[in-house]
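Below is work.txt, which holds compact mmCIF, C-alpha atoms.
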```txt
# COMPACT_ATOMS: atom_id res chain seq x y z
CA MET F 1 0.00 0.00 0.00
CA ASN F 2 1.64 3.27 -1.10
CA GLU F 3 1.54 6.54 0.87
CA THR F 4 -1.08 8.12 -1.39
CA THR F 5 -3.52 5.25 -0.88
CA MET F 6 -2.81 5.28 2.87
CA GLU F 7 -3.61 8.98 3.08
CA LYS F 8 -6.85 8.52 1.14
CA LEU F 9 -7.79 5.65 3.47
CA LYS F 10 -7.37 7.88 6.53
CA VAL F 11 -9.57 10.60 5.07
CA LEU F 12 -12.33 8.41 3.65
CA ALA F 13 -12.55 6.01 6.59
CA GLU F 14 -13.05 9.01 8.87
CA SER F 15 -15.74 10.41 6.57
CA ALA F 16 -17.62 7.08 6.53
CA LYS F 17 -17.91 6.58 10.27
CA TYR F 18 -21.26 8.40 10.69
CA ASP F 19 -23.21 5.89 8.58
CA VAL F 20 -24.41 3.15 10.94
CA SER F 21 -26.50 1.09 8.52
CA CYS F 22 -23.87 -1.56 7.93
CA ALA F 23 -24.79 -4.69 9.87
CA SER F 24 -24.08 -7.91 7.95
CA SER F 25 -26.82 -10.48 8.28
CA GLY F 26 -29.21 -12.75 6.48
CA THR F 27 -27.05 -14.11 3.69
CA VAL F 28 -24.69 -16.99 3.00
CA ARG F 29 -22.20 -16.73 0.13
CA ASN F 30 -19.91 -19.75 0.36
CA ASN F 31 -16.37 -19.70 -0.93
CA LYS F 32 -15.52 -21.64 -4.07
CA GLY F 33 -12.30 -23.10 -5.33
CA GLY F 34 -9.88 -20.37 -6.36
CA GLY F 35 -12.01 -17.61 -4.78
CA LEU F 36 -11.49 -15.25 -1.88
CA GLY F 37 -13.52 -14.89 1.31
CA ASN F 38 -17.02 -15.75 2.43
CA THR F 39 -19.82 -13.91 4.19
CA VAL F 40 -19.49 -15.68 7.52
CA GLY F 41 -16.34 -16.05 8.19
CA GLY F 42 -7.85 -1.14 12.15
CA MET F 43 -8.47 1.75 10.20
CA GLY F 44 -11.77 1.95 8.37
CA ILE F 45 -12.83 -1.37 9.90
CA CYS F 46 -16.17 -1.71 11.66
CA HIS F 47 -17.59 -4.68 13.52
CA SER F 48 -20.98 -6.11 12.67
CA PHE F 49 -22.78 -9.34 13.45
CA SER F 50 -23.79 -12.15 11.15
CA GLU F 51 -27.18 -13.83 11.38
CA ASP F 52 -25.81 -16.54 13.67
CA GLY F 53 -24.39 -13.97 16.10
CA ARG F 54 -20.75 -14.04 15.07
CA CYS F 55 -18.82 -10.79 15.03
CA ILE F 56 -17.35 -10.00 11.61
CA SER F 57 -15.17 -7.18 10.33
CA LEU F 58 -16.05 -4.94 7.38
CA LEU F 59 -13.94 -2.39 5.56
CA LYS F 60 -16.19 0.66 5.96
CA ILE F 61 -15.12 3.18 3.37
CA MET F 62 -16.34 5.91 1.03
CA LEU F 63 -15.46 6.07 -2.64
CA THR F 64 -15.19 9.84 -2.21
CA ASN F 65 -16.08 12.45 0.39
CA ASN F 66 -16.53 15.12 -2.26
CA CYS F 67 -20.22 15.93 -2.55
CA MET F 68 -22.37 18.21 -4.68
CA TYR F 69 -25.01 18.45 -1.93
CA ASP F 70 -24.98 20.78 1.08
CA CYS F 71 -27.02 18.83 3.66
CA ALA F 72 -26.97 20.67 7.00
CA TYR F 73 -26.39 17.55 9.14
CA CYS F 74 -23.60 15.98 7.05
CA ILE F 75 -19.89 16.36 7.81
CA ASN F 76 -19.12 15.94 4.09
CA ARG F 77 -21.42 18.76 2.95
CA ARG F 78 -20.20 20.87 0.07
CA SER F 79 -19.65 24.03 2.13
CA ASN F 80 -17.46 22.40 4.81
CA ASP F 81 -13.75 23.11 4.66
CA LEU F 82 -12.24 19.67 5.18
CA LYS F 83 -9.71 17.48 3.51
CA ARG F 84 -11.17 15.72 0.46
CA ALA F 85 -10.09 12.52 -1.24
CA THR F 86 -11.31 10.15 -3.94
CA PHE F 87 -10.39 6.54 -4.65
CA THR F 88 -10.15 5.27 -8.16
CA VAL F 89 -12.06 2.07 -8.82
CA SER F 90 -8.87 0.03 -9.10
CA GLU F 91 -7.42 1.53 -5.89
CA LEU F 92 -10.46 0.57 -3.85
CA VAL F 93 -10.64 -2.92 -5.35
CA GLU F 94 -6.96 -3.55 -4.61
CA LEU F 95 -7.32 -2.13 -1.08
CA THR F 96 -10.22 -4.49 -0.31
CA ILE F 97 -8.35 -7.53 -1.61
CA GLU F 98 -5.18 -6.57 0.26
CA PHE F 99 -7.06 -6.10 3.54
CA TYR F 100 -8.76 -9.45 3.10
CA ARG F 101 -5.50 -11.27 2.39
CA ARG F 102 -4.05 -9.79 5.58
CA ASN F 103 -7.10 -11.11 7.46
CA TYR F 104 -8.16 -7.60 8.51
CA ILE F 105 -11.68 -7.88 7.06
CA GLU F 106 -14.34 -10.31 5.95
CA GLY F 107 -16.36 -7.92 3.79
CA LEU F 108 -16.91 -4.41 2.45
CA PHE F 109 -19.33 -1.60 3.27
CA LEU F 110 -19.16 0.93 0.44
CA SER F 111 -20.78 4.38 0.40
CA SER F 112 -19.95 7.67 -1.27
CA GLY F 113 -20.57 11.36 -1.56
CA VAL F 114 -22.34 12.41 -4.76
CA VAL F 115 -20.12 13.89 -7.47
CA ARG F 116 -21.23 15.18 -10.89
CA SER F 117 -24.52 13.25 -10.74
CA PRO F 118 -26.12 10.32 -8.90
CA ASP F 119 -25.64 8.09 -11.96
CA TYR F 120 -21.96 8.98 -12.34
CA THR F 121 -21.26 8.14 -8.69
CA MET F 122 -23.36 4.98 -8.66
CA GLU F 123 -21.73 3.72 -11.86
CA ARG F 124 -18.28 3.87 -10.25
CA MET F 125 -19.49 2.13 -7.08
CA VAL F 126 -21.05 -0.65 -9.13
CA ARG F 127 -17.76 -1.08 -11.00
CA VAL F 128 -15.99 -1.64 -7.67
CA VAL F 129 -18.28 -4.47 -6.54
CA LYS F 130 -18.46 -5.96 -10.04
CA ASP F 131 -14.67 -6.12 -10.31
CA LEU F 132 -14.43 -7.70 -6.85
CA ARG F 133 -16.89 -10.43 -7.79
CA THR F 134 -15.94 -11.10 -11.40
CA LEU F 135 -12.22 -10.32 -11.66
CA HIS F 136 -11.07 -11.34 -8.17
CA ARG F 137 -13.83 -13.85 -7.40
CA PHE F 138 -14.34 -12.25 -4.00
CA ASN F 139 -17.08 -14.10 -2.08
CA GLY F 140 -17.08 -12.01 1.09
CA TYR F 141 -20.00 -9.91 2.28
CA ILE F 142 -20.65 -6.67 0.35
CA HIS F 143 -23.01 -3.93 1.49
CA LEU F 144 -23.53 -1.33 -1.24
CA LYS F 145 -25.13 2.05 -0.66
CA SER F 146 -27.48 3.05 -3.46
CA ILE F 147 -27.28 6.72 -4.42
CA PRO F 148 -30.68 8.49 -4.23
CA GLY F 149 -31.76 9.57 -7.69
CA CYS F 150 -29.72 7.02 -9.66
CA SER F 151 -31.19 5.01 -12.51
CA GLN F 152 -32.93 1.66 -12.22
CA GLU F 153 -30.37 0.04 -14.53
CA LEU F 154 -27.53 0.81 -12.12
CA VAL F 155 -29.52 -0.39 -9.10
CA ASN F 156 -30.33 -3.62 -10.95
CA GLU F 157 -26.69 -4.19 -11.86
CA GLY F 158 -25.39 -3.41 -8.37
CA GLY F 159 -27.91 -5.75 -6.80
CA LEU F 160 -26.44 -8.70 -8.69
CA TYR F 161 -23.10 -8.31 -6.89
CA ALA F 162 -24.08 -6.96 -3.44
CA ASP F 163 -25.42 -8.99 -0.53
CA ARG F 164 -27.28 -6.01 0.89
CA MET F 165 -28.15 -2.56 -0.46
CA SER F 166 -29.35 0.47 1.45
CA VAL F 167 -30.81 3.88 0.72
CA ASN F 168 -30.75 6.23 3.70
CA LEU F 169 -33.98 8.04 4.51
CA GLU F 170 -31.88 10.35 6.74
CA ILE F 171 -34.71 12.55 8.08
CA PRO F 172 -38.03 10.91 9.13
CA THR F 173 -40.35 13.48 7.48
CA GLU F 174 -40.09 15.04 4.04
CA GLN F 175 -40.84 18.54 5.33
CA HIS F 176 -37.74 18.54 7.53
CA LEU F 177 -35.63 16.71 4.96
CA THR F 178 -36.17 19.42 2.35
CA PHE F 179 -35.52 22.07 5.03
CA LEU F 180 -32.11 20.65 5.97
CA ALA F 181 -31.24 19.13 2.58
CA PRO F 182 -32.83 21.29 -0.16
CA ASP F 183 -31.39 19.10 -2.93
CA LYS F 184 -33.20 15.98 -1.68
CA ASN F 185 -36.77 14.76 -1.34
CA PHE F 186 -38.55 11.53 -0.49
CA GLN F 187 -39.09 10.63 -4.14
CA THR F 188 -35.34 10.34 -4.78
CA VAL F 189 -35.06 8.05 -1.72
CA PHE F 190 -38.11 5.85 -2.16
CA THR F 191 -37.63 5.32 -5.90
CA PRO F 192 -34.37 3.31 -5.56
CA MET F 193 -35.92 1.53 -2.57
CA ARG F 194 -38.70 0.41 -4.90
CA TYR F 195 -36.17 -0.65 -7.54
CA ILE F 196 -34.41 -2.87 -4.98
CA GLN F 197 -37.70 -4.38 -3.87
CA GLN F 198 -38.76 -5.11 -7.44
CA GLY F 199 -35.39 -6.71 -8.18
CA MET F 200 -35.62 -8.94 -5.11
CA LEU F 201 -39.15 -10.10 -5.91
CA GLN F 202 -38.21 -10.79 -9.53
CA SER F 203 -35.15 -12.73 -8.40
CA LEU F 204 -37.25 -14.92 -6.10
CA GLU F 205 -39.63 -15.64 -8.95
CA ASP F 206 -36.77 -16.47 -11.33
CA ARG F 207 -35.15 -18.83 -8.82
CA ARG F 208 -38.40 -20.75 -8.48
CA LYS F 209 -38.26 -21.46 -12.19
CA PHE F 210 -34.50 -21.72 -12.72
CA ARG F 211 -32.33 -23.17 -9.99
CA HIS F 212 -29.19 -21.27 -10.98
CA ALA F 213 -30.79 -17.88 -11.65
CA PRO F 214 -28.62 -15.08 -10.18
CA ARG F 215 -29.46 -13.84 -6.69
CA PHE F 216 -30.40 -10.20 -6.22
CA VAL F 217 -29.55 -8.54 -2.87
CA PRO F 218 -30.10 -11.79 -0.92
CA ALA F 219 -29.75 -10.06 2.48
CA GLY F 220 -32.40 -7.44 1.65
CA GLN F 221 -32.17 -3.70 2.09
CA SER F 222 -31.79 -1.35 5.04
CA THR F 223 -32.06 2.35 5.75
CA GLN F 224 -31.03 4.90 8.36
CA MET F 225 -32.74 7.83 10.08
CA ILE F 226 -30.96 10.61 11.95
CA ILE F 227 -32.52 11.17 15.36
CA GLY F 228 -32.52 14.55 17.10
CA ALA F 229 -31.57 16.83 14.21
CA THR F 230 -35.26 17.64 13.67
CA PRO F 231 -38.22 17.85 16.09
CA GLU F 232 -40.09 14.67 15.13
CA THR F 233 -41.57 12.69 17.99
CA ASP F 234 -40.77 9.04 18.54
CA LYS F 235 -44.30 8.31 17.38
CA GLU F 236 -43.62 9.85 13.96
CA ILE F 237 -40.31 7.98 13.70
CA LEU F 238 -41.72 4.58 14.63
CA TYR F 239 -44.75 5.00 12.37
CA VAL F 240 -42.35 5.57 9.46
CA SER F 241 -40.34 2.48 10.48
CA SER F 242 -43.51 0.41 10.75
CA ALA F 243 -44.54 1.43 7.23
CA LEU F 244 -41.07 0.54 5.91
CA TYR F 245 -41.19 -2.90 7.53
CA ARG F 246 -44.39 -3.66 5.68
CA ARG F 247 -42.26 -3.73 2.52
CA PRO F 248 -41.12 -7.32 1.96
CA SER F 249 -37.55 -6.29 1.15
CA MET F 250 -36.87 -4.06 4.19
CA LYS F 251 -34.78 -5.96 6.73
CA ARG F 252 -33.53 -3.26 9.09
CA VAL F 253 -34.06 0.38 10.00
CA TYR F 254 -31.14 2.02 11.78
CA TYR F 255 -31.40 5.00 14.13
CA SER F 256 -28.43 7.33 14.38
CA GLY F 257 -28.40 9.91 17.18
CA TYR F 258 -27.54 13.28 15.66
CA ILE F 259 -23.91 14.22 16.26
CA PRO F 260 -23.48 18.03 16.18
CA VAL F 261 -20.73 18.12 13.56
CA ASN F 262 -21.95 21.40 12.00
CA ALA F 263 -22.80 23.47 15.06
CA TYR F 264 -22.52 26.70 13.07
CA ASP F 265 -25.66 25.95 11.03
CA GLN F 266 -28.57 27.73 12.69
CA ARG F 267 -31.09 25.24 11.29
CA LEU F 268 -29.73 22.53 13.57
CA PRO F 269 -30.46 22.11 17.31
CA ALA F 270 -27.82 23.15 19.83
CA LEU F 271 -26.91 19.75 21.27
CA ARG F 272 -23.82 19.05 23.37
CA GLN F 273 -23.84 15.35 22.53
CA ALA F 274 -25.80 12.76 20.58
CA PRO F 275 -29.11 11.60 22.17
CA LEU F 276 -27.77 8.11 22.87
CA VAL F 277 -30.42 7.02 25.39
CA ARG F 278 -33.21 7.96 22.98
CA GLU F 279 -31.42 6.14 20.18
CA ASN F 280 -31.22 3.02 22.35
CA ARG F 281 -34.93 3.21 23.22
CA LEU F 282 -35.82 3.45 19.53
CA TYR F 283 -33.79 0.32 18.80
CA GLN F 284 -35.61 -1.47 21.63
CA ALA F 285 -38.99 -0.35 20.24
CA ASP F 286 -37.90 -1.43 16.77
CA TRP F 287 -37.05 -4.86 18.20
CA LEU F 288 -40.54 -5.10 19.70
CA MET F 289 -42.11 -4.46 16.30
CA ARG F 290 -39.87 -6.93 14.48
CA PHE F 291 -39.78 -9.85 16.91
CA TYR F 292 -42.36 -9.35 19.67
CA GLU F 293 -45.48 -8.75 17.57
CA PHE F 294 -46.06 -5.21 18.88
CA ARG F 295 -47.67 -2.59 16.67
CA ALA F 296 -46.22 0.92 16.56
CA ASP F 297 -49.44 2.41 17.96
CA GLU F 298 -49.14 0.16 21.03
CA ILE F 299 -45.66 1.46 21.82
CA VAL F 300 -46.33 5.17 21.17
CA ASP F 301 -49.58 7.04 20.65
CA ASP F 302 -51.11 10.50 21.02
CA ARG F 303 -51.01 10.26 24.83
CA PHE F 304 -47.40 9.05 24.89
CA PRO F 305 -45.77 10.34 21.67
CA ASN F 306 -42.23 9.85 23.00
CA LEU F 307 -40.56 6.81 24.52
CA ASP F 308 -39.86 6.73 28.23
CA LEU F 309 -36.14 7.32 28.74
CA GLU F 310 -36.10 5.73 32.21
CA VAL F 311 -37.52 2.31 31.32
CA ASP F 312 -37.48 0.16 28.20
CA PRO F 313 -40.52 0.32 25.86
CA LYS F 314 -41.79 -3.14 26.78
CA LEU F 315 -41.82 -2.35 30.51
CA ALA F 316 -43.37 1.05 29.78
CA TRP F 317 -46.21 -0.64 27.84
CA ALA F 318 -46.80 -3.14 30.66
CA LEU F 319 -46.97 -0.38 33.28
CA ARG F 320 -49.49 1.54 31.13
CA ASN F 321 -51.63 -1.57 30.62
CA PRO F 322 -51.87 -3.40 33.98
CA GLN F 323 -55.25 -4.85 32.94
CA TYR F 324 -53.44 -7.51 30.90
CA PHE F 325 -51.54 -8.80 33.93
CA PRO F 326 -50.70 -11.00 35.74
CA VAL F 327 -50.07 -13.57 33.04
CA ASP F 328 -50.29 -17.22 34.08
CA ILE F 329 -47.11 -18.70 32.67
CA ASN F 330 -48.56 -22.21 32.69
CA THR F 331 -51.66 -21.42 30.61
CA ALA F 332 -51.12 -18.18 28.63
CA ASP F 333 -50.52 -18.25 24.88
CA TYR F 334 -47.20 -17.40 23.22
CA GLN F 335 -48.23 -13.87 22.19
CA MET F 336 -49.12 -12.89 25.75
CA ILE F 337 -46.03 -14.46 27.27
CA LEU F 338 -43.93 -12.41 24.83
CA ARG F 339 -45.39 -9.23 26.31
CA VAL F 340 -44.17 -9.94 29.82
CA PRO F 341 -41.19 -7.72 30.76
CA GLY F 342 -38.12 -9.87 31.33
CA ILE F 343 -39.16 -12.63 28.91
CA GLY F 344 -37.54 -12.76 25.48
CA VAL F 345 -38.37 -14.71 22.35
CA LYS F 346 -36.08 -17.61 23.23
CA SER F 347 -37.38 -17.80 26.81
CA ALA F 348 -41.01 -17.70 25.65
CA LYS F 349 -40.45 -20.66 23.32
CA LEU F 350 -38.67 -22.60 26.07
CA ILE F 351 -41.58 -21.93 28.44
CA LEU F 352 -44.05 -23.38 25.94
CA ALA F 353 -41.90 -26.47 25.50
CA ALA F 354 -41.18 -27.01 29.22
CA ARG F 355 -44.73 -26.60 30.52
CA ARG F 356 -45.89 -29.56 28.44
CA PHE F 357 -44.27 -31.81 31.04
CA ASN F 358 -45.06 -30.06 34.34
CA ARG F 359 -46.22 -26.77 35.84
CA LEU F 360 -43.36 -24.28 35.96
CA THR F 361 -42.00 -22.66 39.12
CA SER F 362 -40.06 -19.43 39.56
CA GLY F 363 -36.84 -21.44 39.98
CA GLN F 364 -37.42 -23.17 36.64
CA LEU F 365 -38.17 -19.84 34.97
CA LYS F 366 -34.80 -18.51 36.16
CA LYS F 367 -33.05 -21.52 34.66
CA ILE F 368 -34.88 -20.94 31.38
CA GLY F 369 -33.48 -17.40 31.28
CA VAL F 370 -36.39 -15.25 32.45
CA VAL F 371 -35.29 -12.00 34.15
CA MET F 372 -37.33 -12.49 37.31
CA LYS F 373 -36.35 -9.09 38.65
CA LYS F 374 -38.81 -7.63 36.12
CA ALA F 375 -41.10 -10.54 35.35
CA GLN F 376 -42.12 -11.31 38.95
CA TYR F 377 -44.52 -8.34 39.01
CA PHE F 378 -46.34 -9.41 35.85
CA ILE F 379 -46.74 -13.20 36.10
CA THR F 380 -48.11 -16.00 38.22
CA CYS F 381 -46.80 -19.55 38.28
CA ARG F 382 -47.08 -22.57 40.53
CA GLU F 383 -45.81 -21.02 43.76
CA LEU F 384 -45.11 -17.33 42.98
CA PRO F 385 -46.76 -14.98 45.55
CA MET F 386 -49.45 -12.67 44.24
CA ASN F 387 -47.57 -9.37 44.67
CA THR F 388 -48.19 -8.37 41.07
CA VAL F 389 -48.50 -5.00 39.34
CA ASN F 390 -52.19 -4.75 40.20
CA GLU F 391 -51.71 -5.31 43.95
CA MET F 392 -48.67 -3.02 44.14
CA THR F 393 -49.83 -0.40 41.54
CA PRO F 394 -47.83 0.42 38.37
CA GLU F 395 -46.32 3.52 39.99
CA TYR F 396 -44.85 1.52 42.85
CA VAL F 397 -43.48 -1.20 40.55
CA ARG F 398 -41.88 1.48 38.41
CA LYS F 399 -40.23 2.97 41.49
CA LEU F 400 -38.91 -0.43 42.58
CA LEU F 401 -37.32 -1.01 39.17
CA VAL F 402 -36.03 2.49 38.46
CA GLU F 403 -34.65 3.65 41.85
CA PRO F 404 -31.83 1.04 42.09
CA LYS F 405 -30.61 2.10 38.64
CA LYS F 406 -30.60 5.76 39.66
CA LYS F 407 -28.66 4.99 42.84
CA LYS F 408 -26.11 2.97 40.88
CA MET F 409 -25.69 5.78 38.34
CA ARG F 410 -25.17 8.33 41.13
CA SER F 411 -22.63 6.01 42.76
CA ASP F 412 -20.77 5.53 39.46
CA GLU F 413 -20.72 9.28 38.84
CA LYS F 414 -19.35 9.87 42.36
CA GLN F 415 -16.56 7.33 41.79
CA LEU F 416 -15.66 8.93 38.45
CA THR F 417 -15.51 12.33 40.14
CA LEU F 418 -13.10 10.96 42.76
CA LEU F 419 -10.95 9.31 40.11
CA PHE F 420 -10.99 12.23 37.66
CA PRO F 421 -11.56 15.47 39.58
CA ASP F 422 -11.89 18.71 37.63
```
Could you write out this file's structure as structure tokens?
Amino acid sequence: MNETTMEKLKVLAESAKYDVSCASSGTVRNNKGGGLGNTVGGMGICHSFSEDGRCISLLKIMLTNNCMYDCAYCINRRSNDLKRATFTVSELVELTIEFYRRNYIEGLFLSSGVVRSPDYTMERMVRVVKDLRTLHRFNGYIHLKSIPGCSQELVNEGGLYADRMSVNLEIPTEQHLTFLAPDKNFQTVFTPMRYIQQGMLQSLEDRRKFRHAPRFVPAGQSTQMIIGATPETDKEILYVSSALYRRPSMKRVYYSGYIPVNAYDQRLPALRQAPLVRENRLYQADWLMRFYEFRADEIVDDRFPNLDLEVDPKLAWALRNPQYFPVDINTADYQMILRVPGIGVKSAKLILAARRFNRLTSGQLKKIGVVMKKAQYFITCRELPMNTVNEMTPEYVRKLLVEPKKKKMRSDEKQLTLLFPD
């Protein structure tokens, strides 16, 4: 690796770090004789997780951080005075192969600023992934960002070589997107999303007829929303996510707490740091919609438009709806068991399997993996006392669960103050 390439790597890896929509999951691309890498298997390297839970490394890089757009929230906006760099197609292909051979990475996450036009930029990105697959027979995981506004032909070609593609929504509502990014609108975002979806559905149909038909974006598509740069409520954000998940191709929505990188722009809020707790609560709510059979309007509504920052969304729902509790672990159906705080998907399935043989006790629930510290107030089982949320009131249960956390946080802050005084 020469000094010029090394310098470009420093610049473009730094520019790529704010895009979080790069988890690798849902696909298997096995290695073949004479090939390089597989999907399961430093600088500019991010860690993601495969579908089976293994941590994998991706080269997270931009083709260029030059950009014709001037989006208020973006570090790479046209008006920012920062060091710019651009890889050639061959440089980026060689860099990926070299990093793989050194065992630094197992895949590539490729994004880019927009130069000249969306089609010009997308064409060069597609050439990178095409050369990796066809010239170097690279079988590792590839996540390709689709440029909003690019043509369907380029999306269709890129999808033949990428495992996952993404188009970032960026701002949850079009009104605020056009306010902060005047060159963008929802049409330029949703159009390539639709192209990816159409390509995936067509690929599934072709593979039913022809066994060796090429796969198109086998790991689906993802998107990202920036949280806190605009005044949307959590209700608005989760309703958008819920609508996106109704698309058969959408596998993941990412939430990125706004980092105040352009504090001089008066259109942006004056934040000292990213809203990390809110970001975490949105991911938890997203998990409830994807795996726990919750609807968005059950998690947030007109009365509670924002998520509770003190407790997780599942516990917050349970405290607002005590009429559904206590749940009898030995007789309740799977859907209701899933709604008990402290019980996850795996634990719920184990409960259904175990209770076929005998009535479960609190000790058995602990062995199964139930977090009894939370669940005990919302369930009954063979010998559990009846001090449930209805006898103790939701307010009191909330206090019991929240106060120890607050005390621990105060204790940790006190210790940090003693260790690192001002």
| field | Residue nearest F:Pro172 among F:Phe138, F:Tyr195, F:Tyr254, F:Phe210 (counting all atoms listed in the file) | value | F:Tyr254
| query | Residues at most 6 Å from stretch 83-96 of chain F, counting only C-alpha atoms, excluding those fewer than 4 positions away in the same chain, as a PyMOL selection string? | reply | chain F and resi 8+63-65+128
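When only C-alpha atoms are used to compute distances to F:Ala316, the closest of the residues F:Arg207, F:Lys374, F:Arg272, F:Lys349 turns out to be F:Lys374.
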| field | Atom pair atom CA of F:Met122 / atom CA of F:Ser146: separation (Å) | value |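 Taking atom CA of F:Met122 as the start and atom CA of F:Ser146 as the end point, the length is 6.9 Å.
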List every residue of stretch 96-206 of chain F that has an atom at most 12 Å from any atom of stretch 256-262 of chain F, giving for each one its closest atom pair and the distance in Å to one decimal, counting all atoms listed in the file, sorted by chain and then by ascending residue number, as a tab-separated table.
```
residue	atom	partner	partner_atom	distance
F:Asn168	CA	F:Ser256	CA	11.0
F:Leu169	CA	F:Ser256	CA	11.3
F:Glu170	CA	F:Ser256	CA	8.9
F:Ile171	CA	F:Ser256	CA	10.3
F:Pro172	CA	F:Ser256	CA	11.5
F:Leu180	CA	F:Asn262	CA	11.8
```
| said: Ranking F:Pro322, F:Cys381, F:Met200, F:Arg78 by minimum distance to F:Ile351 and counting only C-alpha atoms, which one comes first? | reply: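 Counting only C-alpha atoms, the residue closest to F:Ile351 is F:Cys381.
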| query | Distance atom CA of F:Tyr69-atom CA of F:Pro182, one decimal place? | reply | 8.5 Å
| Separation of atom CA of F:Trp317 from atom CA of F:Gln364, in Å and rounded to one decimal | 25.7 Å
| Shortest interatomic distance to F:Ala296 - which of F:Val240, F:Cys55, F:Ile337, F:Ala274, counting all atoms listed in the file |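 Distance minimum relative to F:Ala296 lands on F:Val240.
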| said: Just checking: using only C-alpha atoms, which residue out of F:Lys399, F:Lys314, F:Arg137, F:Arg247 ends up closest to F:Arg194? | reply: F:Arg247
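With all atoms listed in the file taken into account, the protein and nucleic acid residues at most 12 Å from F:Lys130 (excluding it and anything under 3 positions from it in its own chain) are F:Val89, F:Ser90, F:Val93, F:Glu123, F:Arg124, F:Met125, F:Val126, F:Arg127, F:Arg133, F:Thr134, F:Leu135, F:His136, F:Arg137, F:Phe138, F:Asn139, F:Ile142, F:Leu144, F:Leu154, F:Glu157, F:Gly158, F:Gly159, F:Leu160, F:Tyr161, F:Ala162.
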| task | Write out as JSON, numbers by chain which residues come within 12 Å of F:Tyr324 when counting all atoms listed in the file, dropping same-chain ones fewer than 6 positions away. | result | {"F": [317, 318, 332, 335, 336, 337, 339, 340, 378, 379, 388, 389, 390]}
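Candidate residues F:Leu204, F:Arg278, F:Pro218, F:Pro148 were compared for distance to F:Asn185, and the nearest is F:Pro148, using all atoms listed in the file.
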Excluding F:Asp183 and any residue of its chain fewer than 3 positions from it, enumerate the residues within 12 Å of it, using all atoms listed in the file, and give them as a PDB file with C-alpha atoms, in the frame of the given file.
```
ATOM      1  CA  CYS F  67     -20.220  15.930  -2.550  1.00  0.00           C
ATOM      2  CA  MET F  68     -22.370  18.210  -4.680  1.00  0.00           C
ATOM      3  CA  TYR F  69     -25.010  18.450  -1.930  1.00  0.00           C
ATOM      4  CA  ASP F  70     -24.980  20.780   1.080  1.00  0.00           C
ATOM      5  CA  CYS F  71     -27.020  18.830   3.660  1.00  0.00           C
ATOM      6  CA  ALA F  72     -26.970  20.670   7.000  1.00  0.00           C
ATOM      7  CA  ARG F  77     -21.420  18.760   2.950  1.00  0.00           C
ATOM      8  CA  ARG F  78     -20.200  20.870   0.070  1.00  0.00           C
ATOM      9  CA  VAL F 114     -22.340  12.410  -4.760  1.00  0.00           C
ATOM     10  CA  SER F 117     -24.520  13.250 -10.740  1.00  0.00           C
ATOM     11  CA  PRO F 118     -26.120  10.320  -8.900  1.00  0.00           C
ATOM     12  CA  PRO F 148     -30.680   8.490  -4.230  1.00  0.00           C
ATOM     13  CA  GLY F 149     -31.760   9.570  -7.690  1.00  0.00           C
ATOM     14  CA  GLU F 174     -40.090  15.040   4.040  1.00  0.00           C
ATOM     15  CA  LEU F 177     -35.630  16.710   4.960  1.00  0.00           C
ATOM     16  CA  THR F 178     -36.170  19.420   2.350  1.00  0.00           C
ATOM     17  CA  PHE F 179     -35.520  22.070   5.030  1.00  0.00           C
ATOM     18  CA  LEU F 180     -32.110  20.650   5.970  1.00  0.00           C
ATOM     19  CA  PHE F 186     -38.550  11.530  -0.490  1.00  0.00           C
ATOM     20  CA  GLN F 187     -39.090  10.630  -4.140  1.00  0.00           C
ATOM     21  CA  THR F 188     -35.340  10.340  -4.780  1.00  0.00           C
ATOM     22  CA  VAL F 189     -35.060   8.050  -1.720  1.00  0.00           C
TER      23      VAL F 189
END
```
Just need the box for stretch 89-99 of chain F, edges along x, y and z, holding every atom the file lists for it with 3 Å tacked onto each side, so centre and edge lengths in Å to one decimal, as AutoDock Vina command-line options.
```
--center_x -8.6 --center_y -2.7 --center_z -2.8 --size_x 12.9 --size_y 15.6 --size_z 18.6
```
